[in-house]
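Novice: Handing over target.cif, mmCIF, N, CA, C and O atoms.
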```cif
data_structure
#
loop_
_atom_site.label_atom_id
_atom_site.label_comp_id
_atom_site.auth_asym_id
_atom_site.auth_seq_id
_atom_site.Cartn_x
_atom_site.Cartn_y
_atom_site.Cartn_z
N MET K 30 13.77 0.04 7.85
CA MET K 30 12.58 -0.51 7.20
C MET K 30 12.65 -2.03 7.08
O MET K 30 12.10 -2.61 6.16
N ASN K 31 13.36 -2.63 7.99
CA ASN K 31 13.46 -4.08 8.03
C ASN K 31 12.08 -4.72 8.17
O ASN K 31 11.82 -5.77 7.57
N GLU K 32 11.21 -4.09 8.96
CA GLU K 32 9.86 -4.63 9.17
C GLU K 32 9.07 -4.67 7.87
O GLU K 32 8.29 -5.60 7.64
N LEU K 33 9.27 -3.67 7.03
CA LEU K 33 8.57 -3.62 5.75
C LEU K 33 8.96 -4.81 4.89
O LEU K 33 8.11 -5.49 4.32
N MET K 34 10.25 -5.08 4.83
CA MET K 34 10.73 -6.22 4.04
C MET K 34 10.24 -7.54 4.63
O MET K 34 9.84 -8.44 3.88
N GLU K 35 10.25 -7.64 5.96
CA GLU K 35 9.74 -8.86 6.60
C GLU K 35 8.27 -9.07 6.30
O GLU K 35 7.83 -10.19 6.03
N MET K 36 7.50 -7.97 6.34
CA MET K 36 6.07 -8.08 6.03
C MET K 36 5.88 -8.55 4.59
O MET K 36 5.06 -9.44 4.31
N TYR K 37 6.66 -8.00 3.68
CA TYR K 37 6.54 -8.38 2.27
C TYR K 37 6.93 -9.84 2.06
O TYR K 37 6.26 -10.57 1.32
N GLU K 38 7.98 -10.28 2.74
CA GLU K 38 8.40 -11.68 2.63
C GLU K 38 7.31 -12.62 3.14
O GLU K 38 7.05 -13.67 2.54
N THR K 39 6.66 -12.26 4.24
CA THR K 39 5.56 -13.08 4.77
C THR K 39 4.41 -13.13 3.77
O THR K 39 3.81 -14.19 3.54
N ILE K 40 4.11 -12.00 3.16
CA ILE K 40 3.04 -11.95 2.16
C ILE K 40 3.38 -12.86 0.98
O ILE K 40 2.52 -13.63 0.51
N LEU K 41 4.62 -12.82 0.53
CA LEU K 41 5.04 -13.69 -0.58
C LEU K 41 4.94 -15.17 -0.19
O LEU K 41 4.53 -16.00 -1.01
N GLU K 42 5.29 -15.49 1.06
CA GLU K 42 5.16 -16.87 1.54
C GLU K 42 3.71 -17.32 1.50
O GLU K 42 3.41 -18.45 1.10
N ARG K 43 2.78 -16.45 1.91
CA ARG K 43 1.36 -16.80 1.90
C ARG K 43 0.84 -16.97 0.48
O ARG K 43 -0.05 -17.78 0.22
N LYS K 44 1.43 -16.22 -0.44
CA LYS K 44 1.03 -16.35 -1.84
C LYS K 44 1.46 -17.72 -2.38
O LYS K 44 0.70 -18.39 -3.06
N GLU K 45 2.69 -18.11 -2.05
CA GLU K 45 3.24 -19.37 -2.54
C GLU K 45 2.66 -20.58 -1.80
O GLU K 45 2.41 -21.62 -2.41
N CYS K 46 2.47 -20.44 -0.50
CA CYS K 46 1.98 -21.54 0.34
C CYS K 46 0.83 -21.02 1.20
O CYS K 46 1.03 -20.66 2.37
N PRO K 47 -0.38 -20.99 0.64
CA PRO K 47 -1.51 -20.46 1.40
C PRO K 47 -1.73 -21.23 2.70
O PRO K 47 -1.50 -22.44 2.76
N GLU K 48 -2.11 -20.49 3.73
CA GLU K 48 -2.40 -21.10 5.04
C GLU K 48 -3.87 -20.93 5.36
O GLU K 48 -4.43 -19.84 5.17
N GLU K 49 -4.47 -21.97 5.86
CA GLU K 49 -5.86 -21.92 6.30
C GLU K 49 -5.99 -20.88 7.41
O GLU K 49 -5.18 -20.84 8.33
N GLY K 50 -6.97 -20.02 7.29
CA GLY K 50 -7.22 -19.02 8.32
C GLY K 50 -6.38 -17.76 8.17
O GLY K 50 -6.52 -16.82 8.94
N SER K 51 -5.52 -17.70 7.16
CA SER K 51 -4.67 -16.53 6.93
C SER K 51 -5.44 -15.48 6.12
O SER K 51 -5.97 -15.78 5.05
N TYR K 52 -5.48 -14.25 6.65
CA TYR K 52 -6.15 -13.16 5.93
C TYR K 52 -5.45 -12.89 4.61
O TYR K 52 -6.11 -12.63 3.60
N THR K 53 -4.13 -12.95 4.59
CA THR K 53 -3.38 -12.72 3.37
C THR K 53 -3.73 -13.77 2.32
O THR K 53 -3.97 -13.44 1.15
N SER K 54 -3.80 -15.03 2.73
CA SER K 54 -4.20 -16.10 1.81
C SER K 54 -5.61 -15.87 1.29
O SER K 54 -5.89 -16.09 0.11
N TYR K 55 -6.48 -15.41 2.17
CA TYR K 55 -7.86 -15.08 1.78
C TYR K 55 -7.87 -14.02 0.68
O TYR K 55 -8.59 -14.16 -0.32
N LEU K 56 -7.07 -12.97 0.85
CA LEU K 56 -7.03 -11.91 -0.16
C LEU K 56 -6.54 -12.44 -1.50
O LEU K 56 -7.13 -12.13 -2.55
N PHE K 57 -5.48 -13.24 -1.49
CA PHE K 57 -4.99 -13.80 -2.74
C PHE K 57 -6.03 -14.71 -3.39
O PHE K 57 -6.19 -14.71 -4.61
N ASN K 58 -6.74 -15.47 -2.57
CA ASN K 58 -7.79 -16.36 -3.08
C ASN K 58 -8.91 -15.57 -3.75
O ASN K 58 -9.46 -15.99 -4.76
N LYS K 59 -9.26 -14.41 -3.18
CA LYS K 59 -10.34 -13.59 -3.72
C LYS K 59 -9.92 -12.83 -4.98
O LYS K 59 -10.76 -12.46 -5.79
N GLY K 60 -8.62 -12.56 -5.12
CA GLY K 60 -8.14 -11.93 -6.35
C GLY K 60 -7.87 -10.44 -6.25
O GLY K 60 -8.13 -9.79 -5.22
N VAL K 61 -7.35 -9.90 -7.33
CA VAL K 61 -6.91 -8.51 -7.37
C VAL K 61 -8.04 -7.53 -7.11
O VAL K 61 -7.85 -6.51 -6.44
N GLU K 62 -9.24 -7.83 -7.61
CA GLU K 62 -10.36 -6.90 -7.40
C GLU K 62 -10.62 -6.70 -5.90
O GLU K 62 -10.82 -5.57 -5.45
N LYS K 63 -10.61 -7.76 -5.14
CA LYS K 63 -10.81 -7.66 -3.68
C LYS K 63 -9.67 -6.87 -3.04
O LYS K 63 -9.89 -6.03 -2.16
N ILE K 64 -8.44 -7.15 -3.48
CA ILE K 64 -7.28 -6.44 -2.94
C ILE K 64 -7.40 -4.95 -3.24
O ILE K 64 -7.16 -4.11 -2.36
N LEU K 65 -7.80 -4.59 -4.44
CA LEU K 65 -7.97 -3.19 -4.82
C LEU K 65 -9.06 -2.52 -3.98
O LEU K 65 -8.91 -1.36 -3.56
N LYS K 66 -10.15 -3.23 -3.73
CA LYS K 66 -11.20 -2.68 -2.87
C LYS K 66 -10.66 -2.39 -1.48
O LYS K 66 -10.98 -1.36 -0.88
N LYS K 67 -9.84 -3.28 -0.95
CA LYS K 67 -9.25 -3.08 0.38
C LYS K 67 -8.28 -1.90 0.38
O LYS K 67 -8.24 -1.12 1.34
N VAL K 68 -7.50 -1.75 -0.69
CA VAL K 68 -6.59 -0.60 -0.79
C VAL K 68 -7.41 0.70 -0.75
O VAL K 68 -7.07 1.63 -0.01
N GLY K 69 -8.47 0.75 -1.52
CA GLY K 69 -9.33 1.94 -1.53
C GLY K 69 -9.94 2.21 -0.17
O GLY K 69 -9.98 3.36 0.30
N GLU K 70 -10.42 1.16 0.47
CA GLU K 70 -11.02 1.28 1.80
C GLU K 70 -10.00 1.81 2.81
O GLU K 70 -10.30 2.71 3.60
N GLU K 71 -8.80 1.26 2.75
CA GLU K 71 -7.76 1.69 3.70
C GLU K 71 -7.32 3.13 3.42
O GLU K 71 -7.02 3.87 4.37
N CYS K 72 -7.29 3.53 2.17
CA CYS K 72 -6.98 4.94 1.84
C CYS K 72 -7.98 5.87 2.50
O CYS K 72 -7.59 6.88 3.11
N THR K 73 -9.23 5.52 2.40
CA THR K 73 -10.28 6.34 3.01
C THR K 73 -10.13 6.38 4.52
O THR K 73 -10.28 7.45 5.14
N GLU K 74 -9.79 5.25 5.12
CA GLU K 74 -9.61 5.22 6.58
C GLU K 74 -8.41 6.06 7.02
O GLU K 74 -8.45 6.68 8.08
N VAL K 75 -7.36 6.12 6.19
CA VAL K 75 -6.22 6.99 6.50
C VAL K 75 -6.67 8.45 6.48
O VAL K 75 -6.33 9.23 7.38
N VAL K 76 -7.44 8.82 5.48
CA VAL K 76 -7.93 10.20 5.38
C VAL K 76 -8.78 10.55 6.58
O VAL K 76 -8.58 11.59 7.22
N ILE K 77 -9.71 9.68 6.94
CA ILE K 77 -10.61 9.95 8.07
C ILE K 77 -9.81 10.04 9.37
O ILE K 77 -10.00 10.97 10.16
N ALA K 78 -8.90 9.11 9.59
CA ALA K 78 -8.09 9.13 10.81
C ALA K 78 -7.24 10.39 10.87
O ALA K 78 -7.06 10.99 11.95
N SER K 79 -6.73 10.82 9.74
CA SER K 79 -5.84 11.98 9.70
C SER K 79 -6.57 13.30 9.91
O SER K 79 -5.94 14.32 10.17
N MET K 80 -7.87 13.26 9.83
CA MET K 80 -8.64 14.47 10.15
C MET K 80 -8.64 14.73 11.64
O MET K 80 -8.92 15.84 12.08
N GLY K 81 -8.31 13.73 12.42
CA GLY K 81 -8.19 13.86 13.86
C GLY K 81 -6.74 14.00 14.27
O GLY K 81 -5.85 14.16 13.42
N ASN K 82 -6.49 13.92 15.55
CA ASN K 82 -5.14 14.11 16.07
C ASN K 82 -4.59 12.91 16.82
O ASN K 82 -3.61 13.04 17.54
N ASP K 83 -5.22 11.75 16.65
CA ASP K 83 -4.78 10.55 17.36
C ASP K 83 -3.65 9.88 16.57
O ASP K 83 -3.90 9.19 15.58
N GLU K 84 -2.41 10.09 17.01
CA GLU K 84 -1.25 9.55 16.31
C GLU K 84 -1.32 8.03 16.16
O GLU K 84 -0.95 7.49 15.12
N ASP K 85 -1.76 7.35 17.21
CA ASP K 85 -1.84 5.89 17.15
C ASP K 85 -2.83 5.43 16.09
O ASP K 85 -2.55 4.49 15.34
N GLU K 86 -3.98 6.07 16.03
CA GLU K 86 -4.98 5.70 15.03
C GLU K 86 -4.46 5.95 13.62
O GLU K 86 -4.60 5.11 12.73
N ILE K 87 -3.82 7.10 13.42
CA ILE K 87 -3.27 7.42 12.10
C ILE K 87 -2.20 6.39 11.72
O ILE K 87 -2.21 5.85 10.61
N ALA K 88 -1.30 6.09 12.64
CA ALA K 88 -0.23 5.12 12.37
C ALA K 88 -0.81 3.74 12.06
O ALA K 88 -0.34 3.05 11.14
N ASN K 89 -1.83 3.33 12.80
CA ASN K 89 -2.45 2.03 12.56
C ASN K 89 -3.11 1.96 11.19
O ASN K 89 -2.98 0.96 10.47
N GLU K 90 -3.80 3.03 10.81
CA GLU K 90 -4.46 3.04 9.50
C GLU K 90 -3.43 3.07 8.37
O GLU K 90 -3.62 2.42 7.33
N ILE K 91 -2.34 3.82 8.55
CA ILE K 91 -1.29 3.84 7.53
C ILE K 91 -0.65 2.46 7.42
O ILE K 91 -0.37 1.98 6.32
N ASN K 92 -0.45 1.79 8.55
CA ASN K 92 0.08 0.42 8.52
C ASN K 92 -0.84 -0.50 7.72
O ASN K 92 -0.37 -1.30 6.91
N ASP K 93 -2.14 -0.39 7.96
CA ASP K 93 -3.10 -1.22 7.21
C ASP K 93 -3.01 -0.95 5.71
O ASP K 93 -3.05 -1.87 4.89
N LEU K 94 -2.88 0.33 5.35
CA LEU K 94 -2.76 0.69 3.93
C LEU K 94 -1.49 0.12 3.33
O LEU K 94 -1.52 -0.48 2.25
N VAL K 95 -0.37 0.27 4.03
CA VAL K 95 0.91 -0.25 3.53
C VAL K 95 0.81 -1.77 3.35
O VAL K 95 1.25 -2.31 2.32
N TYR K 96 0.23 -2.46 4.32
CA TYR K 96 0.06 -3.91 4.21
C TYR K 96 -0.71 -4.27 2.93
O TYR K 96 -0.28 -5.13 2.15
N HIS K 97 -1.83 -3.60 2.70
CA HIS K 97 -2.65 -3.93 1.53
C HIS K 97 -1.93 -3.55 0.23
O HIS K 97 -2.09 -4.23 -0.79
N LEU K 98 -1.13 -2.49 0.25
CA LEU K 98 -0.33 -2.15 -0.92
C LEU K 98 0.72 -3.22 -1.20
O LEU K 98 0.97 -3.56 -2.36
N LEU K 99 1.31 -3.76 -0.16
CA LEU K 99 2.28 -4.84 -0.33
C LEU K 99 1.61 -6.10 -0.88
O LEU K 99 2.19 -6.80 -1.72
N VAL K 100 0.41 -6.39 -0.43
CA VAL K 100 -0.34 -7.52 -0.99
C VAL K 100 -0.60 -7.29 -2.48
O VAL K 100 -0.45 -8.20 -3.30
N LEU K 101 -0.95 -6.06 -2.83
CA LEU K 101 -1.17 -5.72 -4.24
C LEU K 101 0.10 -5.91 -5.05
O LEU K 101 0.07 -6.47 -6.15
N LEU K 102 1.23 -5.44 -4.53
CA LEU K 102 2.51 -5.65 -5.22
C LEU K 102 2.76 -7.13 -5.46
O LEU K 102 3.14 -7.53 -6.57
N ALA K 103 2.56 -7.93 -4.44
CA ALA K 103 2.78 -9.38 -4.56
C ALA K 103 1.82 -9.99 -5.58
O ALA K 103 2.22 -10.84 -6.38
N ALA K 104 0.58 -9.56 -5.55
CA ALA K 104 -0.42 -10.09 -6.49
C ALA K 104 -0.04 -9.76 -7.93
O ALA K 104 -0.31 -10.54 -8.84
N LYS K 105 0.59 -8.62 -8.11
CA LYS K 105 0.99 -8.17 -9.45
C LYS K 105 2.41 -8.61 -9.80
O LYS K 105 2.94 -8.22 -10.83
N ASP K 106 3.03 -9.41 -8.92
CA ASP K 106 4.40 -9.91 -9.12
C ASP K 106 5.42 -8.77 -9.29
O ASP K 106 6.34 -8.86 -10.10
N ILE K 107 5.22 -7.71 -8.52
CA ILE K 107 6.16 -6.59 -8.53
C ILE K 107 7.01 -6.70 -7.27
O ILE K 107 6.48 -6.67 -6.16
N PRO K 108 8.32 -6.83 -7.42
CA PRO K 108 9.17 -6.94 -6.24
C PRO K 108 9.26 -5.61 -5.49
O PRO K 108 9.18 -4.54 -6.10
N LEU K 109 9.43 -5.69 -4.21
CA LEU K 109 9.57 -4.49 -3.39
C LEU K 109 10.79 -3.68 -3.85
O LEU K 109 10.79 -2.45 -3.77
N SER K 110 11.77 -4.34 -4.38
CA SER K 110 12.97 -3.65 -4.88
C SER K 110 12.62 -2.66 -6.00
O SER K 110 13.30 -1.65 -6.18
N LYS K 111 11.56 -2.92 -6.75
CA LYS K 111 11.12 -1.99 -7.80
C LYS K 111 10.69 -0.67 -7.18
O LYS K 111 11.01 0.41 -7.70
N ILE K 112 9.97 -0.74 -6.09
CA ILE K 112 9.52 0.48 -5.39
C ILE K 112 10.74 1.20 -4.82
O ILE K 112 10.82 2.43 -4.88
N GLN K 113 11.69 0.44 -4.31
CA GLN K 113 12.91 1.05 -3.77
C GLN K 113 13.68 1.76 -4.88
O GLN K 113 14.24 2.84 -4.66
N GLU K 114 13.71 1.20 -6.09
CA GLU K 114 14.36 1.84 -7.23
C GLU K 114 13.70 3.17 -7.54
O GLU K 114 14.38 4.17 -7.78
N VAL K 115 12.38 3.17 -7.59
CA VAL K 115 11.63 4.39 -7.89
C VAL K 115 11.90 5.45 -6.81
O VAL K 115 12.13 6.62 -7.11
N MET K 116 11.91 5.02 -5.54
CA MET K 116 12.20 5.95 -4.45
C MET K 116 13.59 6.55 -4.61
O MET K 116 13.77 7.76 -4.42
N ALA K 117 14.56 5.72 -4.95
CA ALA K 117 15.94 6.20 -5.12
C ALA K 117 16.01 7.22 -6.25
O ALA K 117 16.68 8.26 -6.11
N GLN K 118 15.32 6.95 -7.34
CA GLN K 118 15.31 7.89 -8.47
C GLN K 118 14.67 9.21 -8.06
O GLN K 118 15.18 10.28 -8.38
N ARG K 119 13.56 9.13 -7.36
CA ARG K 119 12.86 10.35 -6.95
C ARG K 119 13.63 11.13 -5.90
O ARG K 119 13.52 12.35 -5.83
N ASN K 120 14.41 10.44 -5.08
CA ASN K 120 15.23 11.12 -4.09
C ASN K 120 16.32 11.96 -4.74
O ASN K 120 16.86 12.86 -4.12
N GLN K 121 16.65 11.65 -6.00
CA GLN K 121 17.67 12.41 -6.73
C GLN K 121 17.13 13.75 -7.22
O GLN K 121 17.89 14.66 -7.51
N LYS K 122 15.81 13.85 -7.31
CA LYS K 122 15.20 15.09 -7.81
C LYS K 122 15.21 16.14 -6.71
O LYS K 122 14.95 15.84 -5.55
N THR K 123 15.48 17.36 -7.10
CA THR K 123 15.36 18.49 -6.18
C THR K 123 14.63 19.61 -6.90
O THR K 123 14.59 19.67 -8.13
N HIS K 124 14.08 20.50 -6.12
CA HIS K 124 13.35 21.65 -6.68
C HIS K 124 12.32 21.18 -7.70
O HIS K 124 12.27 21.64 -8.83
N ASN K 125 11.50 20.23 -7.28
CA ASN K 125 10.53 19.60 -8.16
C ASN K 125 9.11 19.99 -7.75
O ASN K 125 8.21 19.16 -7.74
N LEU K 126 8.92 21.26 -7.41
CA LEU K 126 7.61 21.75 -6.99
C LEU K 126 6.63 21.67 -8.14
O LEU K 126 6.90 22.15 -9.23
N LYS K 127 5.52 21.05 -7.89
CA LYS K 127 4.49 20.96 -8.92
C LYS K 127 3.60 22.20 -8.81
O LYS K 127 3.26 22.65 -7.73
N ALA K 128 3.21 22.71 -9.95
CA ALA K 128 2.34 23.89 -9.98
C ALA K 128 0.95 23.52 -9.48
O ALA K 128 0.53 22.35 -9.55
N GLU K 129 0.24 24.51 -8.98
CA GLU K 129 -1.14 24.29 -8.56
C GLU K 129 -1.98 23.93 -9.77
O GLU K 129 -1.75 24.41 -10.88
N ARG K 130 -2.97 23.08 -9.54
CA ARG K 130 -3.87 22.73 -10.62
C ARG K 130 -4.79 23.91 -10.92
O ARG K 130 -5.13 24.68 -10.04
N LYS K 131 -5.19 23.97 -12.16
CA LYS K 131 -6.14 25.02 -12.55
C LYS K 131 -7.47 24.72 -11.89
O LYS K 131 -7.86 23.55 -11.74
N PRO K 132 -8.20 25.76 -11.50
CA PRO K 132 -9.52 25.50 -10.88
C PRO K 132 -10.47 24.87 -11.88
O PRO K 132 -10.38 25.11 -13.09
N VAL K 133 -11.35 24.03 -11.35
CA VAL K 133 -12.37 23.39 -12.18
C VAL K 133 -13.46 24.40 -12.46
O VAL K 133 -13.97 25.06 -11.55
N VAL K 134 -13.81 24.56 -13.72
CA VAL K 134 -14.83 25.50 -14.12
C VAL K 134 -16.04 24.72 -14.58
O VAL K 134 -15.92 23.79 -15.38
N ASN K 135 -17.20 25.06 -14.02
CA ASN K 135 -18.43 24.40 -14.46
C ASN K 135 -18.73 24.77 -15.89
O ASN K 135 -18.69 25.94 -16.25
N LEU K 136 -19.04 23.78 -16.69
CA LEU K 136 -19.34 24.04 -18.10
C LEU K 136 -20.80 24.25 -18.33
O LEU K 136 -21.67 23.81 -17.75
#
```
Give the structure from the file, written as structure tokens.
Specialist:
Amino acid sequence: MNELMEMYETILERKECPEEGSYTSYLFNKGVEKILKKVGEECTEVVIASMGNDEDEIANEINDLVYHLLVLLAAKDIPLSKIQEVMAQRNQKTHNLKAERKPVVNL
């Protein structure tokens, strides 16, 4: 996951030293609300792509989502190491099957 860390480092550089014409700098300039809208948009695109069978399209959309999530982390001053900590903790869990949700009943 070296590429993930490199992407995050580049995002942090754009946050500290904005570059003219940089999409990442544009997102930081527009603020968290814009970043959140892009995260939501990319989530939807992952779902739509995943309804098909085109591996390249799915991988590209997931990459876009990960990028926007990393921008959100940077905007919120959350280091990538925090996510790695959470992953490590969750990897320790076993037999953690969540029960099915109760059906929604119309009132």
Novice: Between atom N of Cys46 of chain K and atom O of Ile91 of chain K, what is the spacing in Å?
Specialist: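 Taking atom O of Ile91 of chain K and atom N of Cys46 of chain K, their separation equals 23.6 Å.
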Novice: Please, what distance in Å, to one decimal, runs between atom O of Glu35 of chain K and atom N of Glu70 of chain K?
Specialist: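 These two atoms are separated by 22.2 Å.
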Novice: Point out the residue among K:Met34, K:Ala104, K:Ala128, K:Val75 with the least atom-to-atom distance to Asn89 of chain K, counting only N, CA, C and O atoms.
Specialist: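 Of all the options, K:Val75 lies closest to Asn89 of chain K.
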Novice: Among chain K, which ones does DSSP place in alpha helix (DSSP H), written as a PyMOL selection string?
Specialist: chain K and resi 31-45+52-59+61-79+84-104+109-120
Novice: Identify which of the residues K:Ala103, K:Thr123, K:Glu129, K:Asn58 lies closest to Ile40 of chain K, counting all atoms listed in the file when measuring atom-to-atom distances.
Specialist: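 Among the listed residues, K:Ala103 lies closest to Ile40 of chain K.
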Novice: Given only N, CA, C and O atoms as the basis, pick out the residue of K:Glu32, K:Ile107, K:Phe57, K:Val115 nearest to Lys44 of chain K.
Specialist: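 Nearest candidate to Lys44 of chain K out of K:Glu32, K:Ile107, K:Phe57, K:Val115: K:Phe57.
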Novice: Can you work out the spacing between atom CA of Leu41 of chain K and atom CA of Lys66 of chain K in Å, to one decimal?
Specialist: 19.8 Å
Novice: For a quick check of understanding, using all atoms listed in the file, which of K:Met36, K:Leu56, K:Val133, K:Cys72 has the smallest distance to Leu94 of chain K?
Specialist: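 Smallest separation from Leu94 of chain K among the options: K:Cys72.
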Novice: Pick the closest to Lys105 of chain K from K:Lys67, K:Glu42, K:Val76, K:Val61: which is it, counting all atoms listed in the file?
Specialist: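 For Lys105 of chain K, the nearest of the candidates is K:Val61.
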Novice: Neighbours of Asp93 of chain K within 7 Å (all atoms listed in the file; same-chain residues fewer than 6 positions away dropped), as a short mmCIF file (atom, residue, chain, number, x, y, z; two decimals) with N, CA, C and O atoms, in the frame of the given file?
Specialist:
```
data_model
loop_
_atom_site.label_atom_id
_atom_site.label_comp_id
_atom_site.auth_asym_id
_atom_site.auth_seq_id
_atom_site.Cartn_x
_atom_site.Cartn_y
_atom_site.Cartn_z
N LYS K 67 -9.84 -3.28 -0.95
CA LYS K 67 -9.25 -3.08 0.38
C LYS K 67 -8.28 -1.90 0.38
O LYS K 67 -8.24 -1.12 1.34
N VAL K 68 -7.50 -1.75 -0.69
CA VAL K 68 -6.59 -0.60 -0.79
C VAL K 68 -7.41 0.70 -0.75
O VAL K 68 -7.07 1.63 -0.01
N GLU K 71 -8.80 1.26 2.75
CA GLU K 71 -7.76 1.69 3.70
C GLU K 71 -7.32 3.13 3.42
O GLU K 71 -7.02 3.87 4.37
N ILE K 87 -3.82 7.10 13.42
CA ILE K 87 -3.27 7.42 12.10
C ILE K 87 -2.20 6.39 11.72
O ILE K 87 -2.21 5.85 10.61
N LEU K 99 1.31 -3.76 -0.16
CA LEU K 99 2.28 -4.84 -0.33
C LEU K 99 1.61 -6.10 -0.88
O LEU K 99 2.19 -6.80 -1.72
#
```
